[in-house]
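Have a look at the structure below, then the notes.
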Amino acid sequence: MFKNFIEQTINGLQTGSIYALIALGYTMVYGIVKLINFAHGDILMVGAYTVFIAVSNSIPFPVALILAIVFCSVLGVVIDWFAYRPLRNAPRISALITAIGISFLLESAALIIFGATPKIIDSKSIPAFLSPNIKINLGIVNISMLTIFVIFITIVCMYILNLFIKKTKLGKATRAVSQDTGAAKLMGINVNLTIAITFAIGSGLGALGGVLYAIMYPTVEPYMGMLPGLKAFIAAVFGGIGSIPGAMIGGYVLGIIESYTKGYISSTWANPIVFGVLILILIFKPNGLFGKNLKEKV
């Protein structure tokens with residue numbers, strides 16, 4: 001029983017790592033432009049397709065992964081430039097509807113280009129150590145190298161992102177814009193450039209999450225980003241959307257809840273319970289664990 005508990009916890013940390021990576025994109029964009037970017041879940045689909053195309057053309061997997069991150073970062077900036085930037089001063093509902101439109105646009109484009117038939121990234125093109133069949137013994141449980149890699153790479157990305165936000169000039173500019181856009185402009189900060197970099201970083205992390213997700217569940221299809229994207233959004237809300245530490249913790253908590261539900265109750269109850277968590281959060285703690293308690297004056 002204890003062994004099963006440890007295995008479910010490890011599975012939860014693996015799944016939670018993916019949710020945390022994707023949730024960072026949601027929370028960074030919301031923190032700086034107050035937009036819930038519902039197209040973010042489809043960015044991970046684009047990242048997975050990019051790797052699929054690259055490895056199908058004999059490009060080594062590490063290079064394909066970098067190409068996917070760069071391509072999705074550029075795509076995030078382009079989407080911001082053409083779709084969201086013209087709506088900076090528009091009501092938030094306009095930007096929200098635009099984000100939903102972009103999401104459908106990306107899914108429809110993938111459906112037209114690749115068809116509805118799921119694709120599979122050739123396992124021979126993936127480094128052997130990322131095979132789920134290669135496991136190391138930790139005493140009472142065996143853990144796959146893929147699981148270790150997913151958790152390790154997620155923690156490294158979060159650490160680097162934290163250093164970027166707190167230690168670099170650009171990171172401080174990002175924090176300034178998220179606090180007060182008008183004051184940031186007066187201080188000489190290029191707000192549009194800062195927002196574009198935020199979209200690039202968030203989309204790059206989303207692409208990384210999408211590729212790892214495609215390795216864990218080896219299919220790539222146009223709607224693959226919907227469910228993990230929604231769950232990552234719930235993770236961001238749980239942690240307090242706009243809070244980077246909150247997105248990380250929210251992702252891991254959600255992954256562990258999902259894993260325990262699958263392990264001790266039923267796989268079919270995993271999604272209802274996860275979405276039930278969202279409803280409970282919004283009812284009892286709408287600002288999340290680390291969210292700011294903002295009050296609007298009337």
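How things are named: the first chain in the structure tokens is A, the next is B, and so on; residues count from 1 in each chain; ligands count from 1 in the order shown.
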
Query raised in the report: stretch 260-264 of chain A: which residues within 12 Å, counting only C-alpha atoms, same-chain residues fewer than 4 positions away excluded, as an NGL selection string?
Result: :A and (1 or 3-13 or 15 or 253-256 or 268-274)

Can you list every residue of stretch 31-90 of chain A that has an atom at most 12 Å from stretch 123-127 of chain A, with its nearest atom pair and the distance in Å to one decimal, using only C-alpha atoms, ordered by chain then number, as JSON lines?
```
{"residue": "A:Val51", "atom": "CA", "partner": "A:Ser125", "partner_atom": "CA", "distance": 10.2}
{"residue": "A:Phe52", "atom": "CA", "partner": "A:Ser125", "partner_atom": "CA", "distance": 9.7}
{"residue": "A:Ile53", "atom": "CA", "partner": "A:Ser125", "partner_atom": "CA", "distance": 11.6}
{"residue": "A:Ala54", "atom": "CA", "partner": "A:Ser125", "partner_atom": "CA", "distance": 10.0}
{"residue": "A:Val55", "atom": "CA", "partner": "A:Ser125", "partner_atom": "CA", "distance": 6.4}
{"residue": "A:Ser56", "atom": "CA", "partner": "A:Ser125", "partner_atom": "CA", "distance": 8.4}
{"residue": "A:Asn57", "atom": "CA", "partner": "A:Ser125", "partner_atom": "CA", "distance": 10.3}
{"residue": "A:Ser58", "atom": "CA", "partner": "A:Ser125", "partner_atom": "CA", "distance": 8.0}
{"residue": "A:Ile59", "atom": "CA", "partner": "A:Ser125", "partner_atom": "CA", "distance": 8.6}
{"residue": "A:Pro60", "atom": "CA", "partner": "A:Ser125", "partner_atom": "CA", "distance": 7.0}
{"residue": "A:Phe61", "atom": "CA", "partner": "A:Ile126", "partner_atom": "CA", "distance": 5.9}
{"residue": "A:Pro62", "atom": "CA", "partner": "A:Pro127", "partner_atom": "CA", "distance": 8.6}
{"residue": "A:Val63", "atom": "CA", "partner": "A:Ile126", "partner_atom": "CA", "distance": 11.3}
{"residue": "A:Ala64", "atom": "CA", "partner": "A:Ser125", "partner_atom": "CA", "distance": 10.1}
{"residue": "A:Leu65", "atom": "CA", "partner": "A:Ile126", "partner_atom": "CA", "distance": 10.4}
```

Query raised in the report: Of the residues A:Ile143, A:Phe82, A:Met158, A:Gly115, which is the one nearest to A:Gly202, using only C-alpha atoms?
Result: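 Distance minimum relative to A:Gly202 lands on A:Met158.
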
Requested in this report: Mind the document's chain letters and residue numbers, and return as an MDAnalysis selection string the residues of stretch 72-187 of chain A that DSSP labels helix (DSSP H, G or I).
Outcome: chainID A and resid 72:87 92:114 123:125 128:130 145:167 169:179 181:186

Query raised in the report: Could you state the separation of atom CA of A:Ile36 and atom CA of A:Val237 in Å, given to one decimal place?
Result: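 Separation between atom CA of A:Ile36 and atom CA of A:Val237: 10.5 Å.
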
Requested in this report: Once DSSP has gone over the backbone, tell me which residues of stretch 77-258 of chain A are in strand (DSSP E or B), as JSON, numbers by chain.
Outcome: {"A": [119, 135, 136, 137, 142, 143, 144, 220]}

Preceding selection exported with N, CA, C and O atoms as a compact mmCIF listing (two decimals), in the first residue's frame:
```txt
# COMPACT_ATOMS: atom_id res chain seq x y z
N LYS A 119 -1.09 11.67 -34.90
CA LYS A 119 0.27 11.33 -35.32
C LYS A 119 1.04 10.82 -34.10
O LYS A 119 0.71 11.15 -32.96
N LYS A 135 14.05 2.13 -16.40
CA LYS A 135 13.74 2.54 -15.03
C LYS A 135 14.94 2.31 -14.12
O LYS A 135 15.78 1.45 -14.38
N ILE A 136 14.99 3.11 -13.07
CA ILE A 136 16.01 2.90 -12.06
C ILE A 136 15.34 2.52 -10.75
O ILE A 136 14.21 2.95 -10.48
N ASN A 137 16.03 1.72 -9.98
CA ASN A 137 15.47 1.22 -8.73
C ASN A 137 15.81 2.16 -7.58
O ASN A 137 16.96 2.49 -7.36
N ASN A 142 10.30 1.56 -8.61
CA ASN A 142 11.09 1.81 -9.81
C ASN A 142 10.54 3.06 -10.47
O ASN A 142 9.32 3.21 -10.60
N ILE A 143 11.44 3.95 -10.86
CA ILE A 143 11.02 5.20 -11.47
C ILE A 143 11.70 5.33 -12.84
O ILE A 143 12.89 5.05 -12.97
N SER A 144 10.89 5.70 -13.85
CA SER A 144 11.43 5.77 -15.20
C SER A 144 12.31 7.01 -15.37
O SER A 144 12.10 8.04 -14.70
N VAL A 220 -0.10 12.95 -31.20
CA VAL A 220 -0.18 14.39 -31.50
C VAL A 220 -1.39 14.59 -32.39
O VAL A 220 -1.49 13.99 -33.47
```

Query - For A:Thr219: contacts at 12 Å, only C-alpha atoms, fewer than 5 positions along chain excluded, given as a VMD selection string - result: chain A and resid 45 48 to 49 51 to 52 116 to 123 210 to 214 224 to 225

Query raised in the report: Can you list, as a list in words, every protein, DNA or RNA residue that comes within 7 Å of stretch 102-107 of chain A when you count only C-alpha atoms, leaving out same-chain residues fewer than 5 positions away?
Result: Phe38, Ala39, Asp42, Pro222 and Tyr223 of chain A

Requested in this report: Find the residues near A:Ala20: any atom within 7 Å, counting only C-alpha atoms, skip ones fewer than 3 places away on the same chain, and give them as a PyMOL selection string.
Outcome: chain A and resi 16-17+23-24+232+247-248+251-252

**Report entry** Neighbour list for stretch 275-292 of chain A as JSON, numbers by chain, cut-off 6 Å, only C-alpha atoms, skip fewer than 4 positions in-chain
**Finding:** {"A": [234, 237, 238, 239, 240, 246]}

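As for atom CA of A:Ile113 and atom CA of A:Met226, they are spaced 18.2 Å apart.
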
Query raised in the report: In Å, how far is it from atom CA of A:Ile22 to atom CA of A:Glu221?
Result: 17.6 Å
